[in-house]
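Inspection log for the structure reproduced underneath, given as structure tokens.
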Amino acid sequence: MKKLKKFIQHLPLNLGFCMLLAFSACKKDKQDFRYDNRDITDARKNSAVRVINLGKFNQVIMSGDTLTNYVVRTLAEPLKIYPGTKFFPSDGRLGTTWNIPQELLKNGKAHLLAEDISEFGVQDRINFDIQEDGQQPVDYYALVSNRTGGTPVQQFIKVPRSVASPSDPAKFKIRILNLSSTVAINGMENLVGPMTLTWADGTPISNKTSNIPPGQYSEYVELSYTTAQLKVLTSAGIQVPGVSSDLIFPATSTIPGNTGWPPVNTNLTYTPFKSYAPGGIYTIVISPYFFRTPYLSGNPGEESKDYQNGMRIISDISEPLNNTYARVQAINVLPGVDGVKIMMNSKVLGSALAYTSHTEYQEYITGTYNIEAKDAAGTVLASTQLKLDANTNFSLWLYPDANGKATIVSVPNDLSNMIPRTDATDDGTYARNKLDYPFGLRFLNLCPDLPYLTFTKGNGQVFVDKYNTNPNASNNIRPGIFPIEYPYIQILPEEAPYQVMAYRSTPTVVPGSWASDIPVIKGKDLVARPELYVRGGLPNHEPGIYTIALVGSTKPSAPGGQKAKMIILKHTK
């Protein structure tokens, strides 16, 4: 009885303790319920050596050990699912960039055999010795070795790479590596020789990255982080195509249109757009690639393949996540007012602005900023506030409101080139298309004289866009009010010559009456420097992210330099 009585006396305490344990157990189970979606989940240390696969090599044997799956799928198989391996867990095949794990190197050395294997057998094979160089990170660039009558080239090249951050954390580092060579006797144009890295309009970015001969690499240069279409030009000014799965014309390396046969030549050379992150380090490499080409002597739709030199963007380090910086530019469209300065927390953004001119982008640390527009005498014309989040991009437009008062509107620009689709996935999110070669147009009405403005193509035709489902992106745009949902119109690369026209519209009548007093602009006005196209044929437009804004006044009394017109602002470099 004594033992039973003692237990009964402590029963409330024991029950409370048991309940506490039960709740603790439940809480612990909930904390442990999580997913790990990484391909590699074990603790694995990488060496300072990488393999950059510039061919189509998909299988690897290192020091006699098979690291990939060596599984071959036929073209007839509907689902080409490849089993993963320890070192290639996603699909068991070699990709473009491979960081060699430290455990695969014995005394810092290993022998690598890479093969390109398909249902037709071994298409290409290379092998070389790998040597780790102490603390110096190095890349082994594996080159195409299967050649048909071409100039012999080295199968691989060892290149040191930098992992040191830029001196300015708002900048990125970039260099050019020229591995161009003649790998086959074919109908492709000769894109071999010294290469120069340029901006989209063909302007060289630095003397250090210009005229780099084959087999050589340049120094790294530091540039302000940006979204850009960097190009590579030969010494003759010919653009080197970017590596892609799309067709190119063999004689010009330009993009054919997707409609009709024979396909039309767009006179555009594909090179991808990219957001170069602050703190990022990149190498632009030029090397042979097996491009698809239209077989113009065959039946409609037939194609073949040939080697041509193409450019690729290689990240030399894991690309940093931008949690710190935003970019801002300013545009003065206040008629008759020059010498305007835009102040961000009392510090000037760029230089003084004449009417319709704009500043270059400037980087700012995240936070809330007081913005003022001052005239040449220092008088404050307008003010506002802007909260900057990381990785955002804004244009500050100074324009007159309906009463003629100076006003600043902050317009966010989406340079991600991510296009939301309308089909939802199982978890409720929406799928997206990533455009590496965008032709995005955004329209703004900054003319107080037109309460509703509609932008059209020639003869009032609507802008047809397979990605955009929002007619308000171009219809009935009110002064200073910009569309937010699906604000960009995406034009196709092969678009026929077109115009951009302004119409006086109403909420019930679209497009309305053509504003014949407003000059029409053409797609060719998007071509920044016609001299870039050294062959003579101009494209109908150039890729990029643009704003087309109506500015000025439609009043008959407006001076000539202040009459309403459309201006073009390109946001990508």
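Residue numbering restarts at 1 in every chain; chains get A, B, ... in the order shown in the structure tokens, and ligands count up from 1 in that same order.
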
Worksheet item: Which of stretch 149-310 of chain A counts as strand (DSSP E) under DSSP, as a PyMOL selection string please?
Response: chain A and resi 156-160+171-178+195-198+216-217+221-224+226-228+231-234+274-276+281-294+303-310

Item to complete: Would you mind listing what lies within 7 Å of A:Asn393 as an MDAnalysis selection string, with only C-alpha atoms counted and same-chain residues fewer than 2 positions away left out?
Response: chainID A and resid 326:328 391 412:413

Atoms to include: C-alpha atoms. Write the selected residues as a short mmCIF file (atom, residue, chain, number, x, y, z; two decimals), in the first residue's frame.
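Writing done, so here's again.cif:
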```
data_model
loop_
_atom_site.label_atom_id
_atom_site.label_comp_id
_atom_site.auth_asym_id
_atom_site.auth_seq_id
_atom_site.Cartn_x
_atom_site.Cartn_y
_atom_site.Cartn_z
CA ALA A 326 19.85 48.01 -56.74
CA ARG A 327 20.29 50.05 -59.93
CA VAL A 328 18.72 53.43 -60.72
CA ASN A 391 18.35 43.23 -57.29
CA PRO A 412 10.44 49.42 -62.13
CA ASN A 413 12.09 47.60 -65.01
#
```

Discussion item. Give me the residues near A:Glu222 as a ChimeraX atom specification, where near means some atom within 8 Å (using only C-alpha atoms) and where sequence neighbours in that chain fewer than 5 positions away do not count.
Written reply: /A:166,171-174

Could you give me, as a PDB file with C-alpha atoms, in the first residue's frame, the residues within 7 Å of stretch 274-285 of chain A, counting only C-alpha atoms and dropping anything in the same chain fewer than 2 positions from it?
```
ATOM      1  CA  SER A 165      36.355  38.954 -55.422  1.00  0.00           C
ATOM      2  CA  PRO A 166      36.327  42.231 -57.387  1.00  0.00           C
ATOM      3  CA  PRO A 169      31.719  44.595 -54.386  1.00  0.00           C
ATOM      4  CA  ALA A 170      29.202  46.196 -56.761  1.00  0.00           C
ATOM      5  CA  LYS A 171      31.221  45.037 -59.764  1.00  0.00           C
ATOM      6  CA  PHE A 172      31.922  41.767 -61.520  1.00  0.00           C
ATOM      7  CA  LYS A 173      35.067  40.449 -63.209  1.00  0.00           C
ATOM      8  CA  ILE A 174      35.206  39.145 -66.755  1.00  0.00           C
ATOM      9  CA  ARG A 175      37.802  38.051 -69.309  1.00  0.00           C
ATOM     10  CA  ILE A 176      37.946  36.485 -72.775  1.00  0.00           C
ATOM     11  CA  LEU A 177      39.496  33.115 -73.687  1.00  0.00           C
ATOM     12  CA  ASN A 178      40.079  32.616 -77.414  1.00  0.00           C
ATOM     13  CA  LEU A 179      40.124  28.935 -78.395  1.00  0.00           C
ATOM     14  CA  TYR A 225      27.043  44.765 -62.414  1.00  0.00           C
ATOM     15  CA  THR A 226      24.445  44.860 -65.145  1.00  0.00           C
ATOM     16  CA  THR A 227      22.182  42.970 -67.515  1.00  0.00           C
ATOM     17  CA  ALA A 228      23.928  42.922 -70.849  1.00  0.00           C
ATOM     18  CA  GLN A 229      24.309  41.241 -74.211  1.00  0.00           C
ATOM     19  CA  PRO A 272      22.611  35.545 -75.101  1.00  0.00           C
ATOM     20  CA  SER A 287      35.614  27.549 -79.311  1.00  0.00           C
ATOM     21  CA  MET A 311      30.942  31.945 -77.723  1.00  0.00           C
ATOM     22  CA  ARG A 312      29.890  30.695 -74.274  1.00  0.00           C
ATOM     23  CA  ILE A 313      29.657  32.269 -70.816  1.00  0.00           C
ATOM     24  CA  ILE A 314      31.422  30.304 -68.078  1.00  0.00           C
ATOM     25  CA  SER A 315      31.022  31.218 -64.398  1.00  0.00           C
ATOM     26  CA  ASP A 316      34.439  30.946 -62.769  1.00  0.00           C
ATOM     27  CA  ILE A 317      32.889  30.800 -59.285  1.00  0.00           C
ATOM     28  CA  GLU A 319      27.417  32.987 -58.936  1.00  0.00           C
ATOM     29  CA  PRO A 320      26.802  35.173 -55.855  1.00  0.00           C
ATOM     30  CA  ASN A 322      22.723  39.877 -54.826  1.00  0.00           C
TER      31      ASN A 322
END
```
